[in-house]
$ cat upload03.txt   # compact mmCIF, N, CA and C atoms
# COMPACT_ATOMS: atom_id res chain seq x y z
N ARG F 1 0.83 -1.19 0.00
CA ARG F 1 0.00 0.00 0.00
C ARG F 1 0.87 1.26 0.00
N PHE F 2 1.95 1.26 0.77
CA PHE F 2 2.84 2.41 0.81
C PHE F 2 3.37 2.73 -0.60
N VAL F 3 3.80 1.71 -1.31
CA VAL F 3 4.33 1.91 -2.65
C VAL F 3 3.26 2.47 -3.58
N ASP F 4 2.06 1.96 -3.48
CA ASP F 4 0.98 2.42 -4.35
C ASP F 4 0.62 3.88 -4.11
N TYR F 5 0.59 4.31 -2.85
CA TYR F 5 0.14 5.65 -2.53
C TYR F 5 1.23 6.71 -2.48
N TYR F 6 2.45 6.31 -2.18
CA TYR F 6 3.48 7.31 -1.91
C TYR F 6 4.65 7.34 -2.87
N MET F 7 4.87 6.30 -3.63
CA MET F 7 5.97 6.30 -4.57
C MET F 7 5.54 7.06 -5.82
N VAL F 8 6.44 7.81 -6.36
CA VAL F 8 6.15 8.63 -7.53
C VAL F 8 7.06 8.18 -8.66
N ASP F 9 6.50 7.97 -9.81
CA ASP F 9 7.28 7.57 -10.98
C ASP F 9 7.85 8.82 -11.64
N GLY F 10 9.09 9.14 -11.30
CA GLY F 10 9.73 10.34 -11.83
C GLY F 10 10.11 10.24 -13.29
N TYR F 11 10.12 9.04 -13.81
CA TYR F 11 10.49 8.87 -15.22
C TYR F 11 9.35 9.26 -16.16
N ASN F 12 8.13 9.21 -15.66
CA ASN F 12 6.97 9.53 -16.50
C ASN F 12 6.25 10.76 -15.99
N ASP F 13 6.99 11.79 -15.69
CA ASP F 13 6.40 13.03 -15.18
C ASP F 13 5.86 13.84 -16.34
N SER F 14 4.54 13.90 -16.43
CA SER F 14 3.92 14.69 -17.49
C SER F 14 3.14 15.87 -16.89
N THR F 15 3.42 16.19 -15.63
CA THR F 15 2.71 17.29 -14.98
C THR F 15 3.27 18.63 -15.44
N GLU F 16 2.41 19.62 -15.44
CA GLU F 16 2.84 20.98 -15.77
C GLU F 16 2.11 21.92 -14.83
N LYS F 17 2.86 22.80 -14.16
CA LYS F 17 2.31 23.73 -13.18
C LYS F 17 1.55 22.99 -12.09
N GLU F 18 2.10 21.88 -11.70
CA GLU F 18 1.50 21.05 -10.67
C GLU F 18 2.63 20.54 -9.78
N ALA F 19 2.37 20.50 -8.49
CA ALA F 19 3.41 20.03 -7.57
C ALA F 19 3.76 18.58 -7.88
N PHE F 20 5.04 18.33 -7.92
CA PHE F 20 5.54 16.98 -8.17
C PHE F 20 6.53 16.66 -7.05
N PRO F 21 6.19 15.72 -6.19
CA PRO F 21 7.06 15.46 -5.04
C PRO F 21 8.43 14.94 -5.44
N ASN F 22 9.41 15.38 -4.69
CA ASN F 22 10.78 14.94 -4.90
C ASN F 22 11.39 14.74 -3.52
N TYR F 23 11.90 13.57 -3.26
CA TYR F 23 12.42 13.25 -1.95
C TYR F 23 13.92 13.01 -2.01
N SER F 24 14.60 13.52 -1.02
CA SER F 24 16.04 13.30 -0.94
C SER F 24 16.43 13.24 0.52
N PHE F 25 17.13 12.19 0.91
CA PHE F 25 17.66 12.11 2.26
C PHE F 25 18.99 12.84 2.28
N VAL F 26 19.07 13.89 3.07
CA VAL F 26 20.32 14.63 3.20
C VAL F 26 21.33 13.76 3.93
N ARG F 27 20.87 13.15 5.00
CA ARG F 27 21.74 12.29 5.78
C ARG F 27 20.87 11.32 6.56
N ALA F 28 21.05 10.05 6.32
CA ALA F 28 20.32 9.06 7.09
C ALA F 28 20.80 9.14 8.54
N HIS F 29 20.07 8.55 9.44
CA HIS F 29 20.39 8.69 10.86
C HIS F 29 21.79 8.24 11.21
N ASP F 30 22.36 7.34 10.44
CA ASP F 30 23.71 6.87 10.77
C ASP F 30 24.65 6.92 9.56
N SER F 31 24.24 7.67 8.56
CA SER F 31 25.04 7.73 7.35
C SER F 31 26.45 8.20 7.61
N GLU F 32 27.39 7.39 7.26
CA GLU F 32 28.80 7.71 7.35
C GLU F 32 29.36 7.76 8.76
N VAL F 33 28.52 7.79 9.75
CA VAL F 33 29.02 7.93 11.12
C VAL F 33 29.92 6.76 11.50
N GLN F 34 29.52 5.53 11.10
CA GLN F 34 30.34 4.38 11.45
C GLN F 34 31.74 4.50 10.89
N THR F 35 31.86 4.91 9.64
CA THR F 35 33.19 5.01 9.04
C THR F 35 33.99 6.18 9.61
N VAL F 36 33.31 7.25 9.97
CA VAL F 36 34.00 8.38 10.60
C VAL F 36 34.51 7.97 11.97
N ILE F 37 33.67 7.30 12.75
CA ILE F 37 34.09 6.82 14.07
C ILE F 37 35.24 5.83 13.92
N ALA F 38 35.17 4.96 12.93
CA ALA F 38 36.26 4.01 12.69
C ALA F 38 37.56 4.74 12.36
N GLN F 39 37.47 5.82 11.60
CA GLN F 39 38.66 6.60 11.27
C GLN F 39 39.24 7.25 12.52
N ILE F 40 38.37 7.78 13.36
CA ILE F 40 38.83 8.39 14.60
C ILE F 40 39.49 7.34 15.50
N VAL F 41 38.87 6.15 15.59
CA VAL F 41 39.47 5.07 16.38
C VAL F 41 40.86 4.74 15.84
N SER F 42 40.98 4.66 14.52
CA SER F 42 42.28 4.38 13.89
C SER F 42 43.30 5.47 14.22
N ASP F 43 42.84 6.71 14.20
CA ASP F 43 43.75 7.82 14.49
C ASP F 43 44.17 7.84 15.97
N LEU F 44 43.22 7.53 16.86
CA LEU F 44 43.53 7.53 18.29
C LEU F 44 44.33 6.30 18.71
N TYR F 45 44.03 5.20 18.07
CA TYR F 45 44.65 3.92 18.43
C TYR F 45 45.24 3.28 17.16
N PRO F 46 46.40 3.73 16.72
CA PRO F 46 46.99 3.27 15.46
C PRO F 46 47.22 1.76 15.39
N ASP F 47 47.34 1.09 16.53
CA ASP F 47 47.61 -0.35 16.53
C ASP F 47 46.35 -1.20 16.57
N VAL F 48 45.19 -0.58 16.55
CA VAL F 48 43.94 -1.33 16.64
C VAL F 48 43.80 -2.22 15.39
N GLU F 49 43.34 -3.45 15.60
CA GLU F 49 43.23 -4.39 14.47
C GLU F 49 42.00 -4.12 13.62
N ASN F 50 40.88 -3.82 14.25
CA ASN F 50 39.65 -3.59 13.50
C ASN F 50 38.95 -2.37 14.07
N SER F 51 39.11 -1.24 13.42
CA SER F 51 38.52 0.01 13.93
C SER F 51 37.00 0.03 13.81
N LEU F 52 36.43 -0.90 13.04
CA LEU F 52 34.97 -0.99 12.96
C LEU F 52 34.38 -1.81 14.10
N ALA F 53 35.24 -2.38 14.93
CA ALA F 53 34.80 -3.14 16.10
C ALA F 53 35.60 -2.68 17.32
N PRO F 54 35.42 -1.41 17.71
CA PRO F 54 36.20 -0.87 18.82
C PRO F 54 35.72 -1.39 20.17
N THR F 55 36.59 -1.25 21.15
CA THR F 55 36.18 -1.55 22.53
C THR F 55 35.28 -0.42 23.01
N THR F 56 34.65 -0.63 24.14
CA THR F 56 33.79 0.41 24.71
C THR F 56 34.59 1.68 25.00
N GLU F 57 35.79 1.50 25.51
CA GLU F 57 36.66 2.64 25.81
C GLU F 57 37.04 3.39 24.53
N GLN F 58 37.41 2.66 23.51
CA GLN F 58 37.78 3.29 22.23
C GLN F 58 36.59 4.02 21.62
N LEU F 59 35.43 3.40 21.69
CA LEU F 59 34.22 4.01 21.14
C LEU F 59 33.88 5.31 21.87
N ALA F 60 33.97 5.29 23.20
CA ALA F 60 33.69 6.50 23.99
C ALA F 60 34.67 7.62 23.64
N ALA F 61 35.94 7.28 23.50
CA ALA F 61 36.95 8.28 23.14
C ALA F 61 36.69 8.83 21.74
N ALA F 62 36.32 7.96 20.82
CA ALA F 62 36.06 8.39 19.44
C ALA F 62 34.84 9.31 19.37
N PHE F 63 33.78 8.98 20.11
CA PHE F 63 32.59 9.84 20.11
C PHE F 63 32.87 11.18 20.77
N LYS F 64 33.75 11.20 21.74
CA LYS F 64 34.14 12.48 22.36
C LYS F 64 34.79 13.37 21.30
N VAL F 65 35.70 12.80 20.53
CA VAL F 65 36.36 13.55 19.45
C VAL F 65 35.33 13.97 18.40
N TYR F 66 34.46 13.04 18.02
CA TYR F 66 33.43 13.32 17.01
C TYR F 66 32.51 14.46 17.46
N ASN F 67 32.02 14.39 18.69
CA ASN F 67 31.11 15.42 19.20
C ASN F 67 31.79 16.78 19.31
N GLU F 68 33.05 16.79 19.73
CA GLU F 68 33.79 18.05 19.79
C GLU F 68 34.03 18.61 18.39
N ASP F 69 34.31 17.74 17.45
CA ASP F 69 34.57 18.15 16.08
C ASP F 69 33.33 18.80 15.44
N GLU F 70 32.15 18.31 15.80
CA GLU F 70 30.92 18.89 15.26
C GLU F 70 30.78 20.37 15.61
N ASN F 71 31.33 20.77 16.74
CA ASN F 71 31.22 22.16 17.19
C ASN F 71 32.31 23.07 16.66
N LEU F 72 33.26 22.53 15.93
CA LEU F 72 34.35 23.32 15.41
C LEU F 72 34.00 23.98 14.08
N ALA F 73 34.55 25.15 13.85
CA ALA F 73 34.38 25.80 12.55
C ALA F 73 35.24 25.11 11.49
N ASP F 74 36.42 24.68 11.88
CA ASP F 74 37.34 23.99 10.98
C ASP F 74 37.32 22.51 11.36
N LYS F 75 36.47 21.74 10.71
CA LYS F 75 36.24 20.35 11.07
C LYS F 75 37.29 19.42 10.47
N LYS F 76 37.57 18.37 11.19
CA LYS F 76 38.47 17.35 10.68
C LYS F 76 37.70 16.10 10.26
N TYR F 77 36.63 15.78 10.97
CA TYR F 77 35.91 14.53 10.73
C TYR F 77 34.45 14.71 10.29
N THR F 78 33.74 15.62 10.91
CA THR F 78 32.29 15.70 10.67
C THR F 78 31.97 16.59 9.47
N GLN F 79 30.73 16.48 9.01
CA GLN F 79 30.31 17.20 7.82
C GLN F 79 29.98 18.66 8.15
N TYR F 80 30.17 19.50 7.15
CA TYR F 80 29.89 20.92 7.30
C TYR F 80 28.43 21.22 7.01
N ASN F 81 27.88 22.21 7.69
CA ASN F 81 26.64 22.88 7.36
C ASN F 81 25.43 21.97 7.23
N MET F 82 25.30 21.01 8.12
CA MET F 82 24.14 20.12 8.07
C MET F 82 22.81 20.84 8.26
N PRO F 83 22.68 21.84 9.17
CA PRO F 83 21.39 22.52 9.28
C PRO F 83 20.95 23.17 7.98
N SER F 84 21.87 23.75 7.24
CA SER F 84 21.51 24.36 5.95
C SER F 84 21.06 23.32 4.95
N ALA F 85 21.67 22.15 4.99
CA ALA F 85 21.29 21.11 4.06
C ALA F 85 19.86 20.66 4.31
N TYR F 86 19.45 20.63 5.57
CA TYR F 86 18.07 20.25 5.89
C TYR F 86 17.09 21.37 5.56
N ALA F 87 17.54 22.61 5.64
CA ALA F 87 16.65 23.72 5.34
C ALA F 87 16.28 23.71 3.88
$ encode --input "upload03.txt" --output "structure tokens"
Amino acid sequence: RFVDYYMVDGYNDSTEKEAFPNYSFVRAHDSEVQTVIAQIVSDLYPDVENSLAPTTEQLAAAFKVYNEDENLADKKYTQYNMPSAYA
């Protein structure tokens, strides 16, 4: 039912002067975060074997860096201007 009522066939758009829905996810709830956290883990702990499977301590340290980086004007890890992208 969802597909029938909400999906729009953009290939056969024959509308004119009529609203035509267009959807785009700017950032999924976890898009790229895992790989960014893995990169931070690798940077903090260069000898780690698998940065995608960090320990609890490594994960906490990586999120601390990630959260602090979000507040910086000159970011190293996180994406720029997310509020504008949603606007």
$ residues_around --input "upload03.txt" --residues "Gln79 (chain F)" --least-positions-apart "3" --cutoff "10 Å" --atoms "only C-alpha atoms" --output "number ranges by chain"
F: 32-33, 36, 69-70, 75-76, 82
$ residues_around --input "upload03.txt" --residues "Asp47 (chain F)" --least-positions-apart "6" --cutoff "12 Å" --atoms "only C-alpha atoms" --output "count of residues only"
3
$ atom_distance --input "upload03.txt" --atom1 "CA of Thr55 (chain F)" --atom2 "CA of Asp74 (chain F)"
28.1 Å
$ atom_distance --input "upload03.txt" --atom1 "atom C of Tyr45 (chain F)" --atom2 "atom N of Val65 (chain F)"
13.9 Å
$ residues_near_point --input "upload03.txt" --point "(35.1, 9.3, 13.3)" --cutoff "7 Å" --atoms "only N, CA and C atoms" --output "mmCIF file with N, CA and C atoms, in the frame of the given file"
data_model
loop_
_atom_site.group_PDB
_atom_site.id
_atom_site.type_symbol
_atom_site.label_atom_id
_atom_site.label_comp_id
_atom_site.auth_asym_id
_atom_site.auth_seq_id
_atom_site.Cartn_x
_atom_site.Cartn_y
_atom_site.Cartn_z
ATOM 1 N N VAL F 33 28.520 7.790 9.750
ATOM 2 C CA VAL F 33 29.020 7.930 11.120
ATOM 3 C C VAL F 33 29.920 6.760 11.500
ATOM 4 N N GLN F 34 29.520 5.530 11.100
ATOM 5 C CA GLN F 34 30.340 4.380 11.450
ATOM 6 C C GLN F 34 31.740 4.500 10.890
ATOM 7 N N THR F 35 31.860 4.910 9.640
ATOM 8 C CA THR F 35 33.190 5.010 9.040
ATOM 9 C C THR F 35 33.990 6.180 9.610
ATOM 10 N N VAL F 36 33.310 7.250 9.970
ATOM 11 C CA VAL F 36 34.000 8.380 10.600
ATOM 12 C C VAL F 36 34.510 7.970 11.970
ATOM 13 N N ILE F 37 33.670 7.300 12.750
ATOM 14 C CA ILE F 37 34.090 6.820 14.070
ATOM 15 C C ILE F 37 35.240 5.830 13.920
ATOM 16 N N ALA F 38 35.170 4.960 12.930
ATOM 17 C CA ALA F 38 36.260 4.010 12.690
ATOM 18 C C ALA F 38 37.560 4.740 12.360
ATOM 19 N N GLN F 39 37.470 5.820 11.600
ATOM 20 C CA GLN F 39 38.660 6.600 11.270
ATOM 21 C C GLN F 39 39.240 7.250 12.520
ATOM 22 N N ILE F 40 38.370 7.780 13.360
ATOM 23 C CA ILE F 40 38.830 8.390 14.600
ATOM 24 C C ILE F 40 39.490 7.340 15.500
ATOM 25 N N VAL F 41 38.870 6.150 15.590
ATOM 26 C CA VAL F 41 39.470 5.070 16.380
ATOM 27 C C VAL F 41 40.860 4.740 15.840
ATOM 28 N N ALA F 62 36.320 7.960 20.820
ATOM 29 C CA ALA F 62 36.060 8.390 19.440
ATOM 30 C C ALA F 62 34.840 9.310 19.370
ATOM 31 N N PHE F 63 33.780 8.980 20.110
ATOM 32 C CA PHE F 63 32.590 9.840 20.110
ATOM 33 C C PHE F 63 32.870 11.180 20.770
ATOM 34 N N VAL F 65 35.700 12.800 20.530
ATOM 35 C CA VAL F 65 36.360 13.550 19.450
ATOM 36 C C VAL F 65 35.330 13.970 18.400
ATOM 37 N N TYR F 66 34.460 13.040 18.020
ATOM 38 C CA TYR F 66 33.430 13.320 17.010
ATOM 39 C C TYR F 66 32.510 14.460 17.460
ATOM 40 N N TYR F 77 36.630 15.780 10.970
ATOM 41 C CA TYR F 77 35.910 14.530 10.730
ATOM 42 C C TYR F 77 34.450 14.710 10.290
ATOM 43 N N THR F 78 33.740 15.620 10.910
ATOM 44 C CA THR F 78 32.290 15.700 10.670
ATOM 45 C C THR F 78 31.970 16.590 9.470
#
